[in-house]
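Asker: Contents of protein02.txt (compact mmCIF, C-alpha atoms and all ligand atoms) are below:
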# COMPACT_ATOMS: atom_id res chain seq x y z
CA MET A 1 -5.39 44.37 -6.72
CA ILE A 2 -3.19 41.30 -6.21
CA ARG A 3 -2.32 39.66 -9.52
CA VAL A 4 -2.43 35.87 -9.32
CA GLY A 5 -0.78 33.21 -11.45
CA ILE A 6 -1.99 29.63 -11.02
CA ILE A 7 0.39 26.76 -11.80
CA GLY A 8 -1.44 23.50 -12.48
CA LEU A 9 -4.98 23.84 -13.83
CA GLY A 10 -6.25 20.42 -12.80
CA GLY A 11 -8.92 19.64 -10.22
CA MET A 12 -7.63 21.98 -7.54
CA GLY A 13 -6.32 24.68 -9.88
CA ASN A 14 -9.84 24.96 -11.27
CA MET A 15 -11.28 25.14 -7.78
CA HIS A 16 -8.88 27.96 -6.81
CA PHE A 17 -9.54 29.77 -10.09
CA GLY A 18 -13.29 29.71 -9.35
CA CYS A 19 -12.61 31.11 -5.85
CA TYR A 20 -10.55 34.04 -7.20
CA GLN A 21 -13.31 34.84 -9.70
CA ALA A 22 -15.67 35.41 -6.77
CA LEU A 23 -13.16 37.43 -4.69
CA HIS A 24 -12.46 41.15 -4.45
CA GLY A 25 -8.85 42.16 -4.05
CA ALA A 26 -7.31 39.53 -6.31
CA GLU A 27 -7.58 38.52 -9.94
CA VAL A 28 -6.11 35.68 -11.98
CA VAL A 29 -3.87 37.14 -14.69
CA ALA A 30 -1.82 34.07 -15.67
CA ILE A 31 -2.15 30.30 -15.80
CA ALA A 32 0.45 27.64 -16.46
CA ASP A 33 -0.16 24.00 -17.21
CA ILE A 34 2.05 21.46 -18.91
CA GLN A 35 -1.00 20.18 -20.82
CA GLU A 36 -1.81 22.70 -23.53
CA GLU A 37 -5.39 21.42 -23.82
CA ARG A 38 -6.01 22.63 -20.23
CA LEU A 39 -5.38 26.19 -21.45
CA GLN A 40 -8.14 26.34 -24.06
CA PRO A 41 -10.50 29.37 -23.86
CA GLY A 42 -13.86 28.86 -22.17
CA GLU A 43 -15.26 27.21 -19.09
CA SER A 44 -13.56 24.13 -17.68
CA SER A 45 -15.63 20.97 -17.37
CA LEU A 46 -13.23 19.38 -14.85
CA LYS A 47 -15.00 17.89 -11.86
CA ILE A 48 -13.39 16.27 -8.81
CA ASN A 49 -14.74 14.64 -5.64
CA ILE A 50 -15.17 17.97 -3.88
CA GLY A 51 -17.07 19.64 -6.77
CA GLU A 52 -16.50 21.76 -9.84
CA GLY A 53 -14.17 24.73 -10.03
CA GLY A 54 -15.87 26.87 -12.62
CA ALA A 55 -12.69 28.35 -14.09
CA THR A 56 -13.21 30.30 -17.31
CA ILE A 57 -10.18 31.05 -19.44
CA ASP A 58 -10.20 34.26 -21.44
CA PRO A 59 -6.99 34.76 -23.49
CA ASP A 60 -7.63 38.54 -23.44
CA LYS A 61 -7.40 38.52 -19.64
CA HIS A 62 -5.10 35.58 -18.89
CA ARG A 63 -1.54 35.02 -20.01
CA LEU A 64 -1.19 31.31 -20.74
CA TYR A 65 2.01 29.31 -20.29
CA THR A 66 2.92 25.66 -20.81
CA ASN A 67 6.18 26.24 -18.93
CA PRO A 68 5.57 27.12 -15.24
CA ASN A 69 8.95 28.91 -15.04
CA ASP A 70 7.63 31.52 -17.49
CA LEU A 71 4.75 32.26 -15.13
CA ILE A 72 7.15 32.52 -12.17
CA ASN A 73 9.26 35.00 -14.17
CA ASP A 74 6.22 37.03 -15.24
CA ALA A 75 6.75 40.47 -13.64
CA GLU A 76 2.98 41.10 -13.69
CA VAL A 77 2.33 38.22 -11.26
CA ASP A 78 2.38 39.02 -7.50
CA LEU A 79 1.10 35.73 -6.10
CA VAL A 80 1.92 32.27 -7.43
CA ASP A 81 -0.71 29.68 -6.52
CA VAL A 82 0.88 26.21 -6.71
CA CYS A 83 -1.80 23.62 -7.55
CA LEU A 84 0.63 21.06 -8.93
CA PRO A 85 0.90 17.37 -8.04
CA THR A 86 2.42 17.09 -4.55
CA PHE A 87 5.88 15.83 -5.59
CA LEU A 88 6.37 19.14 -7.48
CA HIS A 89 5.36 21.46 -4.61
CA PRO A 90 8.82 22.04 -3.06
CA GLU A 91 10.56 22.79 -6.37
CA PHE A 92 8.01 25.34 -7.54
CA CYS A 93 7.34 26.92 -4.13
CA LYS A 94 11.07 27.54 -3.72
CA LYS A 95 11.42 28.94 -7.26
CA ALA A 96 8.46 31.30 -6.82
CA LEU A 97 9.64 32.49 -3.38
CA GLU A 98 13.15 33.06 -4.74
CA ALA A 99 11.61 35.10 -7.56
CA GLY A 100 10.09 37.39 -4.89
CA LYS A 101 6.48 36.22 -5.25
CA HIS A 102 3.91 35.52 -2.56
CA VAL A 103 3.11 31.79 -2.65
CA LEU A 104 -0.02 29.83 -1.83
CA CYS A 105 0.65 26.09 -2.06
CA GLU A 106 -1.98 23.38 -2.03
CA LYS A 107 -1.71 20.82 0.76
CA PRO A 108 0.21 18.65 1.46
CA MET A 109 3.23 20.94 1.62
CA ALA A 110 5.61 18.20 0.37
CA LEU A 111 6.15 14.45 0.41
CA THR A 112 8.69 14.57 3.26
CA TYR A 113 9.48 16.73 6.27
CA GLY A 114 13.03 17.20 4.96
CA GLU A 115 11.63 18.85 1.82
CA CYS A 116 9.37 21.05 3.99
CA GLU A 117 12.43 22.26 5.91
CA GLU A 118 14.07 23.28 2.63
CA VAL A 119 10.98 25.29 1.65
CA LEU A 120 10.80 26.89 5.12
CA LYS A 121 14.42 27.97 4.81
CA VAL A 122 13.77 29.69 1.48
CA ALA A 123 10.50 31.21 2.75
CA GLU A 124 12.25 32.69 5.80
CA GLY A 125 14.63 34.75 3.69
CA ALA A 126 12.14 35.65 0.95
CA PRO A 127 10.21 38.93 0.68
CA GLY A 128 6.93 37.22 -0.23
CA LYS A 129 4.46 35.56 2.12
CA PHE A 130 3.96 31.81 2.10
CA MET A 131 0.94 29.74 3.13
CA VAL A 132 -0.21 26.16 2.57
CA GLY A 133 -3.90 25.62 1.78
CA GLN A 134 -4.99 23.80 4.94
CA CYS A 135 -8.61 24.22 3.91
CA VAL A 136 -10.16 22.18 6.75
CA ARG A 137 -9.11 24.89 9.21
CA PHE A 138 -11.55 27.16 7.32
CA PHE A 139 -14.50 24.74 6.95
CA PRO A 140 -17.46 26.04 9.02
CA ALA A 141 -18.18 22.71 10.80
CA TYR A 142 -14.53 22.42 11.83
CA GLU A 143 -14.38 26.08 12.87
CA TYR A 144 -17.43 25.32 15.04
CA LEU A 145 -15.53 22.47 16.69
CA ASN A 146 -12.53 24.75 17.22
CA GLU A 147 -14.73 27.43 18.83
CA THR A 148 -16.41 24.81 21.05
CA VAL A 149 -13.03 23.57 22.31
CA GLU A 150 -11.66 27.11 22.78
CA SER A 151 -14.71 28.51 24.58
CA GLY A 152 -14.89 25.56 26.99
CA ARG A 153 -18.71 25.89 27.01
CA PHE A 154 -19.13 22.08 27.16
CA GLY A 155 -16.21 21.57 29.52
CA ARG A 156 -13.18 19.52 28.64
CA LEU A 157 -12.84 17.52 25.43
CA LEU A 158 -12.80 13.84 26.37
CA GLN A 159 -12.81 12.15 22.97
CA LEU A 160 -12.37 13.18 19.35
CA SER A 161 -12.58 10.96 16.34
CA LEU A 162 -12.22 12.17 12.74
CA TRP A 163 -12.52 10.23 9.49
CA ARG A 164 -12.54 10.82 5.74
CA GLY A 165 -12.54 8.55 2.74
CA GLY A 166 -13.98 7.49 -0.56
CA ASN A 167 -13.22 5.70 -3.77
CA PRO A 168 -9.83 6.11 -5.48
CA PRO A 169 -9.81 9.29 -7.60
CA LEU A 170 -9.29 8.85 -11.34
CA TRP A 171 -9.03 12.43 -12.61
CA SER A 172 -5.38 13.20 -11.94
CA TRP A 173 -2.71 14.01 -14.52
CA GLU A 174 -0.84 10.79 -15.46
CA ASN A 175 -2.80 9.22 -12.57
CA TRP A 176 -0.17 10.63 -10.16
CA LEU A 177 -2.58 10.41 -7.21
CA LEU A 178 -2.53 6.60 -7.55
CA ASP A 179 1.26 6.49 -7.46
CA HIS A 180 2.43 6.75 -3.86
CA THR A 181 5.94 7.80 -4.95
CA ARG A 182 4.39 11.02 -6.31
CA SER A 183 1.40 11.51 -3.98
CA GLY A 184 2.55 9.91 -0.72
CA GLY A 185 -0.49 7.61 -0.87
CA PHE A 186 -3.75 8.69 0.73
CA LEU A 187 -2.23 8.67 4.22
CA LEU A 188 -0.49 11.83 3.04
CA ASP A 189 -2.83 13.13 0.36
CA LEU A 190 -6.12 12.72 2.23
CA HIS A 191 -5.56 11.87 5.87
CA VAL A 192 -3.17 14.83 6.24
CA HIS A 193 -6.31 17.05 6.41
CA ASP A 194 -7.30 15.49 9.73
CA ALA A 195 -3.74 15.05 11.01
CA ASP A 196 -3.30 18.78 10.38
CA PHE A 197 -6.58 19.66 12.09
CA VAL A 198 -5.78 17.54 15.16
CA HIS A 199 -2.62 19.47 16.00
CA TYR A 200 -4.14 22.81 14.95
CA LEU A 201 -6.96 22.16 17.44
CA LEU A 202 -5.17 20.42 20.31
CA GLY A 203 -1.48 21.15 19.92
CA ARG A 204 1.27 18.69 19.09
CA PRO A 205 0.71 15.12 20.33
CA ARG A 206 3.48 13.36 22.23
CA ALA A 207 3.30 10.24 20.04
CA VAL A 208 1.28 8.48 17.37
CA CYS A 209 0.22 4.87 17.20
CA SER A 210 -1.03 3.85 13.75
CA THR A 211 -2.26 0.85 11.83
CA GLY A 212 -2.93 0.81 8.11
CA ALA A 213 -3.11 -1.01 4.83
CA ILE A 214 -1.55 -0.65 1.40
CA GLY A 215 -4.04 0.35 -1.31
CA PRO A 216 -4.16 1.08 -5.04
CA SER A 217 -1.51 3.82 -4.81
CA GLY A 218 1.02 1.22 -3.66
CA GLY A 219 1.35 3.17 -0.40
CA TYR A 220 -0.80 3.45 2.72
CA ASP A 221 -4.30 4.34 1.53
CA VAL A 222 -5.95 3.10 4.72
CA VAL A 223 -4.88 4.46 8.09
CA ASP A 224 -6.11 4.63 11.63
CA THR A 225 -4.11 6.69 14.15
CA GLU A 226 -4.30 7.29 17.84
CA TYR A 227 -2.74 10.64 18.81
CA VAL A 228 -1.24 10.38 22.27
CA TYR A 229 -1.68 13.44 24.50
CA ASP A 230 -0.63 13.61 28.12
CA ASP A 231 -3.95 15.32 28.96
CA LYS A 232 -6.59 12.70 29.62
CA MET A 233 -8.38 12.58 26.27
CA ALA A 234 -8.73 10.03 23.47
CA VAL A 235 -8.00 11.37 19.97
CA ARG A 236 -7.97 9.40 16.76
CA ALA A 237 -8.31 9.94 13.02
CA GLY A 238 -8.73 7.52 10.15
CA ALA A 239 -8.94 7.52 6.38
CA ASN A 240 -9.72 5.03 3.66
CA MET A 241 -9.44 5.82 -0.05
CA THR A 242 -9.99 2.25 -1.31
CA LEU A 243 -13.79 2.15 -1.09
CA PRO A 244 -16.12 1.10 -3.95
CA THR A 245 -17.01 3.66 -6.63
CA GLY A 246 -20.57 4.00 -5.31
CA PHE A 247 -19.27 5.32 -1.98
CA GLY A 248 -18.39 8.78 -3.28
CA PHE A 249 -16.69 10.90 -0.64
CA GLU A 250 -17.39 11.46 3.03
CA ALA A 251 -15.78 13.25 5.96
CA HIS A 252 -17.08 13.10 9.53
CA TYR A 253 -16.18 13.72 13.15
CA MET A 254 -17.49 13.07 16.64
CA ALA A 255 -16.34 15.20 19.55
CA ALA A 256 -17.44 14.31 23.10
CA PHE A 257 -17.04 16.87 25.88
CA GLU A 258 -17.91 16.68 29.60
CA LYS A 259 -21.28 18.38 29.00
CA GLY A 260 -22.19 17.76 25.37
CA CYS A 261 -21.12 16.38 22.04
CA LEU A 262 -20.87 17.38 18.38
CA ARG A 263 -21.50 15.04 15.46
CA PHE A 264 -20.74 16.08 11.91
CA SER A 265 -20.92 14.27 8.58
CA THR A 266 -20.77 15.51 4.99
CA SER A 267 -23.24 12.70 4.18
CA GLU A 268 -26.00 14.00 6.49
CA SER A 269 -28.30 16.64 5.03
CA HIS A 270 -28.21 18.60 8.31
CA GLY A 271 -24.41 18.26 8.54
CA LEU A 272 -23.73 19.15 12.16
CA MET A 273 -25.60 18.04 15.28
CA GLU A 274 -25.09 19.32 18.83
CA ILE A 275 -26.31 17.06 21.63
CA THR A 276 -26.64 17.86 25.35
CA ASP A 277 -28.77 16.52 28.22
CA GLN A 278 -31.36 19.10 27.09
CA GLY A 279 -31.71 17.47 23.65
CA ALA A 280 -30.26 17.68 20.16
CA HIS A 281 -30.28 20.50 17.61
CA HIS A 282 -28.57 21.49 14.37
CA PRO A 283 -26.52 24.65 14.86
CA GLU A 284 -26.76 27.17 12.02
CA LEU A 285 -23.39 27.27 10.28
CA PRO A 286 -22.34 30.29 8.23
CA GLN A 287 -22.91 29.69 4.52
CA LYS A 288 -19.22 30.01 3.65
CA ASP A 289 -17.02 28.03 1.31
CA GLY A 290 -13.85 26.89 3.12
CA TYR A 291 -11.68 27.08 0.00
CA GLN A 292 -12.79 30.62 -0.70
CA GLU A 293 -12.31 31.58 2.95
CA GLU A 294 -8.78 30.15 2.93
CA ILE A 295 -7.81 32.09 -0.20
CA ALA A 296 -9.53 35.29 0.97
CA TYR A 297 -7.60 34.98 4.26
CA PHE A 298 -4.24 34.76 2.51
CA ILE A 299 -5.12 37.72 0.28
CA ARG A 300 -5.97 39.78 3.41
CA CYS A 301 -2.64 38.78 4.98
CA ILE A 302 -0.82 40.06 1.89
CA GLU A 303 -2.89 43.28 1.74
CA ASN A 304 -2.34 43.99 5.47
CA ASP A 305 1.28 42.79 5.48
CA GLU A 306 0.50 40.24 8.20
CA VAL A 307 1.86 36.73 8.74
CA PRO A 308 -0.76 34.03 8.02
CA ALA A 309 -1.16 33.28 11.74
CA MET A 310 -4.01 30.80 11.11
CA VAL A 311 -1.75 28.63 8.94
CA MET A 312 1.89 29.26 9.70
CA PRO A 313 4.24 27.38 7.32
CA GLU A 314 5.93 25.61 10.29
CA SER A 315 2.54 24.28 11.32
CA SER A 316 1.88 22.86 7.83
CA ALA A 317 5.35 21.31 7.87
CA PHE A 318 4.55 19.67 11.20
CA SER A 319 1.54 17.99 9.55
CA ILE A 320 3.97 16.25 7.20
CA LYS A 321 6.17 15.25 10.13
CA LEU A 322 3.07 13.78 11.78
CA ALA A 323 2.07 11.87 8.63
CA GLN A 324 5.61 10.49 8.33
CA ALA A 325 5.56 9.39 11.97
CA GLU A 326 2.25 7.63 11.33
CA GLN A 327 3.72 5.78 8.36
CA GLU A 328 6.72 4.77 10.48
CA SER A 329 4.39 3.58 13.23
CA ILE A 330 2.48 1.35 10.78
CA GLN A 331 5.67 -0.08 9.33
CA GLN A 332 7.29 -0.77 12.69
CA GLY A 333 4.17 -1.91 14.51
CA ARG A 334 4.80 0.38 17.49
CA SER A 335 4.03 3.89 18.64
CA VAL A 336 6.37 6.65 17.46
CA GLU A 337 7.35 9.61 19.66
CA LEU A 338 7.41 13.05 18.07
N1 LIG A 401 -7.45 20.92 -0.50
C1 LIG A 401 -8.11 19.92 -1.03
O1 LIG A 401 -9.21 19.56 -0.61
C2 LIG A 401 -7.51 19.20 -2.21
C3 LIG A 401 -8.31 18.39 -3.03
C4 LIG A 401 -7.72 17.79 -4.13
C5 LIG A 401 -6.36 17.97 -4.38
N2 LIG A 401 -5.61 18.74 -3.54
C6 LIG A 401 -4.17 18.93 -3.77
O2 LIG A 401 -4.01 19.79 -4.90
C7 LIG A 401 -2.83 19.44 -5.64
C8 LIG A 401 -3.22 19.19 -7.08
O3 LIG A 401 -4.12 18.10 -7.14
P1 LIG A 401 -5.18 17.94 -8.34
O4 LIG A 401 -6.20 16.99 -7.86
O5 LIG A 401 -5.60 19.28 -8.81
O6 LIG A 401 -4.27 17.23 -9.45
P2 LIG A 401 -4.52 17.24 -11.02
O7 LIG A 401 -3.74 16.09 -11.57
O8 LIG A 401 -5.98 17.28 -11.31
O9 LIG A 401 -3.89 18.61 -11.51
C9 LIG A 401 -2.53 18.85 -11.61
C10 LIG A 401 -2.30 19.72 -12.83
O10 LIG A 401 -0.91 20.04 -12.88
C11 LIG A 401 -0.47 19.97 -14.23
N3 LIG A 401 0.97 19.74 -14.25
C12 LIG A 401 1.66 18.62 -13.96
N4 LIG A 401 2.97 18.83 -14.03
C13 LIG A 401 3.15 20.13 -14.38
C14 LIG A 401 4.27 20.96 -14.57
N5 LIG A 401 5.53 20.51 -14.44
N6 LIG A 401 4.05 22.23 -14.92
C15 LIG A 401 2.81 22.72 -15.07
N7 LIG A 401 1.70 21.98 -14.87
C16 LIG A 401 1.86 20.71 -14.53
C17 LIG A 401 -1.27 18.84 -14.83
O11 LIG A 401 -1.34 18.92 -16.24
C18 LIG A 401 -2.64 19.03 -14.15
O12 LIG A 401 -3.48 19.86 -14.93
C19 LIG A 401 -2.25 18.20 -4.94
O13 LIG A 401 -1.20 18.55 -4.08
C20 LIG A 401 -3.44 17.65 -4.14
O14 LIG A 401 -3.04 16.95 -2.98
C21 LIG A 401 -6.16 19.37 -2.48
Would you mind writing the structure in this file as structure tokens?
Answerer:
Amino acid sequence: MIRVGIIGLGGMGNMHFGCYQALHGAEVVAIADIQEERLQPGESSLKINIGEGGATIDPDKHRLYTNPNDLINDAEVDLVDVCLPTFLHPEFCKKALEAGKHVLCEKPMALTYGECEEVLKVAEGAPGKFMVGQCVRFFPAYEYLNETVESGRFGRLLQLSLWRGGNPPLWSWENWLLDHTRSGGFLLDLHVHDADFVHYLLGRPRAVCSTGAIGPSGGYDVVDTEYVYDDKMAVRAGANMTLPTGFGFEAHYMAAFEKGCLRFSTSESHGLMEITDQGAHHPELPQKDGYQEEIAYFIRCIENDEVPAMVMPESSAFSIKLAQAEQESIQQGRSVEL
């Protein structure tokens, strides 16, 4: 049984906690949060735009810390799950890796590529395994897209367009999400999901060409990027986290191949649609939760002593490099080579 300590019991910490509760092979034994009120016994009522976590704190089962360093130094913790605000990821990932722990870190890996390189350096020499929670790689509708590209059953991919967005989130500790100096703005916090998926699916683009707008975080909260590949295909992804409160949250994609296309939206009751010259149908997707799949995958990697090949740390770091290049492209009004 892998003993887990979660640092940061906010929106995502709760979500991860709920996932561990439903998993075999791992159990939460410790939680750290700077806010003591987050560590009260009982079920959490925290709710964020992707749902409720369902964490239940039981002081008989969970050691509770207000100082995250105490959790990192807890000898009974094997895996440290970093669900802290993004600007704190590098510091605590490095500390936990140096302490010999396995580390799962929420996305995005860090605010800058330079910080990612520092974490990679520590991870390389550390005994524990390290993975960033690139959850979209585990979402069934995105796995379906990946399988469709890989199998080639519809021929070549000609065009891919991904988008996600919603209204500015208001749940975060000290409102850090709405401070681009701590969150990177929603270009980094939100759009990085699709930037990550683009290069996971299609490999590294040669260049990016982006436009965008400053939003409530003071950074780029609106972005639209064209990913330039030498193969003849058109790939773009956009995000907008400045929409009215009534909008809620939505993610969608459209993928057009030589012999068919896929359309997916979180706002459609049927979710995914597959269209060919023979007609349209809704493929059955496995009833899996991407967050739980991502965590279960990392636990299996630890149990089997395997590298997390589906989400190598270098690949997560490249997502930050990509997001930085996109920001540079917006600022300079030109495409940026990678
Ligand atoms: N994968 C996804 O779909 C997804 C969704 C939302 C957020 N996230 C990511 O998860 C991370 C956390 O986001 P969130 O929405 O849960 O934020 P949050 O503000 O809800 O939670 C952060 C928690 O960390 C605690 N904290 C802050 N500083 C601390 C410190 N020094 N020591 C201990 N605890 C401290 C806060 O009290 C808070 O409870 C971010 O990197 C975010 O980008 C990922």
Asker: So that each row is one residue of region 122-194 of chain A with an atom at most 8 Å from region 83-93 of chain A, can you give its shortest atom pair and the distance in Å to one decimal, using only C-alpha atoms, rows by chain and rising number, as a tab-separated table?
Answerer:
residue	atom	partner	partner_atom	distance
A:Trp176	CA	A:Pro85	CA	7.1
A:Leu177	CA	A:Pro85	CA	7.8
A:Arg182	CA	A:Phe87	CA	5.1
A:Ser183	CA	A:Thr86	CA	5.7
Asker: Compile the contact shell of region 333-336 of chain A as a VMD selection string: residues with an atom at most 12 Å away, counting all atoms listed in the file, same-chain residues fewer than 4 positions apart removed.
Answerer: chain A and resid 205 to 212 225 to 228 321 to 329
Asker: As a PyMOL selection string, please: every protein or nucleic acid residue near ligand LIG 401 (chain A) (cut-off 9 Å, counting all atoms listed in the file).
Answerer: chain A and resi 7-15+32-38+46+48-50+65-69+82-89+92+105-110+133-136+169+171-177+183+188-190+193+291
Asker: What would the file look like if the residues just selected were written as a short mmCIF file (atom, residue, chain, number, x, y, z; two decimals), in the frame of the given file with C-alpha atoms?
Answerer:
data_model
loop_
_atom_site.label_atom_id
_atom_site.label_comp_id
_atom_site.auth_asym_id
_atom_site.auth_seq_id
_atom_site.Cartn_x
_atom_site.Cartn_y
_atom_site.Cartn_z
CA ILE A 7 0.39 26.76 -11.80
CA GLY A 8 -1.44 23.50 -12.48
CA LEU A 9 -4.98 23.84 -13.83
CA GLY A 10 -6.25 20.42 -12.80
CA GLY A 11 -8.92 19.64 -10.22
CA MET A 12 -7.63 21.98 -7.54
CA GLY A 13 -6.32 24.68 -9.88
CA ASN A 14 -9.84 24.96 -11.27
CA MET A 15 -11.28 25.14 -7.78
CA ALA A 32 0.45 27.64 -16.46
CA ASP A 33 -0.16 24.00 -17.21
CA ILE A 34 2.05 21.46 -18.91
CA GLN A 35 -1.00 20.18 -20.82
CA GLU A 36 -1.81 22.70 -23.53
CA GLU A 37 -5.39 21.42 -23.82
CA ARG A 38 -6.01 22.63 -20.23
CA LEU A 46 -13.23 19.38 -14.85
CA ILE A 48 -13.39 16.27 -8.81
CA ASN A 49 -14.74 14.64 -5.64
CA ILE A 50 -15.17 17.97 -3.88
CA TYR A 65 2.01 29.31 -20.29
CA THR A 66 2.92 25.66 -20.81
CA ASN A 67 6.18 26.24 -18.93
CA PRO A 68 5.57 27.12 -15.24
CA ASN A 69 8.95 28.91 -15.04
CA VAL A 82 0.88 26.21 -6.71
CA CYS A 83 -1.80 23.62 -7.55
CA LEU A 84 0.63 21.06 -8.93
CA PRO A 85 0.90 17.37 -8.04
CA THR A 86 2.42 17.09 -4.55
CA PHE A 87 5.88 15.83 -5.59
CA LEU A 88 6.37 19.14 -7.48
CA HIS A 89 5.36 21.46 -4.61
CA PHE A 92 8.01 25.34 -7.54
CA CYS A 105 0.65 26.09 -2.06
CA GLU A 106 -1.98 23.38 -2.03
CA LYS A 107 -1.71 20.82 0.76
CA PRO A 108 0.21 18.65 1.46
CA MET A 109 3.23 20.94 1.62
CA ALA A 110 5.61 18.20 0.37
CA GLY A 133 -3.90 25.62 1.78
CA GLN A 134 -4.99 23.80 4.94
CA CYS A 135 -8.61 24.22 3.91
CA VAL A 136 -10.16 22.18 6.75
CA PRO A 169 -9.81 9.29 -7.60
CA TRP A 171 -9.03 12.43 -12.61
CA SER A 172 -5.38 13.20 -11.94
CA TRP A 173 -2.71 14.01 -14.52
CA GLU A 174 -0.84 10.79 -15.46
CA ASN A 175 -2.80 9.22 -12.57
CA TRP A 176 -0.17 10.63 -10.16
CA LEU A 177 -2.58 10.41 -7.21
CA SER A 183 1.40 11.51 -3.98
CA LEU A 188 -0.49 11.83 3.04
CA ASP A 189 -2.83 13.13 0.36
CA LEU A 190 -6.12 12.72 2.23
CA HIS A 193 -6.31 17.05 6.41
CA TYR A 291 -11.68 27.08 0.00
#
Asker: Considering all atoms listed in the file, state which residue in the set A:Ser151, A:Ser316, A:Asn304, A:Gln332 is at the smallest distance from Arg137 (chain A).
Answerer: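 Of the candidates, the smallest distance to Arg137 (chain A) is held by A:Ser316.
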Asker: I'd like the contact shell of His252 (chain A) - 8 Å cut-off, all atoms listed in the file, skipping same-chain residues fewer than 3 positions apart - returned as number ranges by chain.
Answerer: A: 162-164, 263-266
Asker: Please enclose the listed atoms of region 251-266 of chain A in an axis-aligned box, pad each side by 4 Å, and write out the centre and the three edge lengths in Å, rounded to one decimal, as lines of an AutoDock Vina configuration file.
Answerer:
center_x = -19.0
center_y = 15.7
center_z = 17.3
size_x = 14.4
size_y = 13.3
size_z = 32.6
Asker: Using all atoms listed in the file, pick whichever of A:His102, A:Lys129, A:His180, A:His199 has the shortest atom-to-atom distance to Pro216 (chain A).
Answerer: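 Comparing A:His102, A:Lys129, A:His180, A:His199 against Pro216 (chain A), the winner is A:His180.
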Asker: Considering all atoms listed in the file, return as a list in words whatever protein or nucleic-acid residues lie within 7 Å of Gly219 (chain A), sequence-local ones (same chain, fewer than 4 positions apart) excluded.
Answerer: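 What passes the distance filter is His180, Gly184, Gly185, Ile214 and Gly215 of chain A.
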Asker: List the neighbours of region 112-114 of chain A out to 7 Å using only C-alpha atoms; skip same-chain residues closer than 2 positions along the sequence, and give me the result as a PDB file with C-alpha atoms, in the frame of the given file.
Answerer:
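Now in around.pdb:
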ATOM      1  CA  ALA A 110       5.610  18.200   0.370  1.00  0.00           C
ATOM      2  CA  CYS A 116       9.370  21.050   3.990  1.00  0.00           C
ATOM      3  CA  GLU A 117      12.430  22.260   5.910  1.00  0.00           C
ATOM      4  CA  GLU A 118      14.070  23.280   2.630  1.00  0.00           C
ATOM      5  CA  ALA A 317       5.350  21.310   7.870  1.00  0.00           C
ATOM      6  CA  ILE A 320       3.970  16.250   7.200  1.00  0.00           C
ATOM      7  CA  LYS A 321       6.170  15.250  10.130  1.00  0.00           C
TER       8      LYS A 321
END
Asker: Using all atoms listed in the file, which of A:Arg156, A:Leu104, A:Asp58, A:Asn146 sits nearest Gln40 (chain A)?
Answerer: A:Asp58
Asker: May I have the residues at most 7 Å from (-2.6, 39.6, -14.1) in the file's coordinates, counting only C-alpha atoms, as number ranges by chain?
Answerer: A: 3-4, 27-30, 62, 76-77
Asker: Could you list, as JSON, numbers by chain, every residue within 10 Å of Val198 (chain A), counting all atoms listed in the file and ignoring same-chain residues fewer than 6 positions away?
Answerer: {"A": [160, 161, 162, 192, 204, 205, 227, 235, 236, 237, 319]}
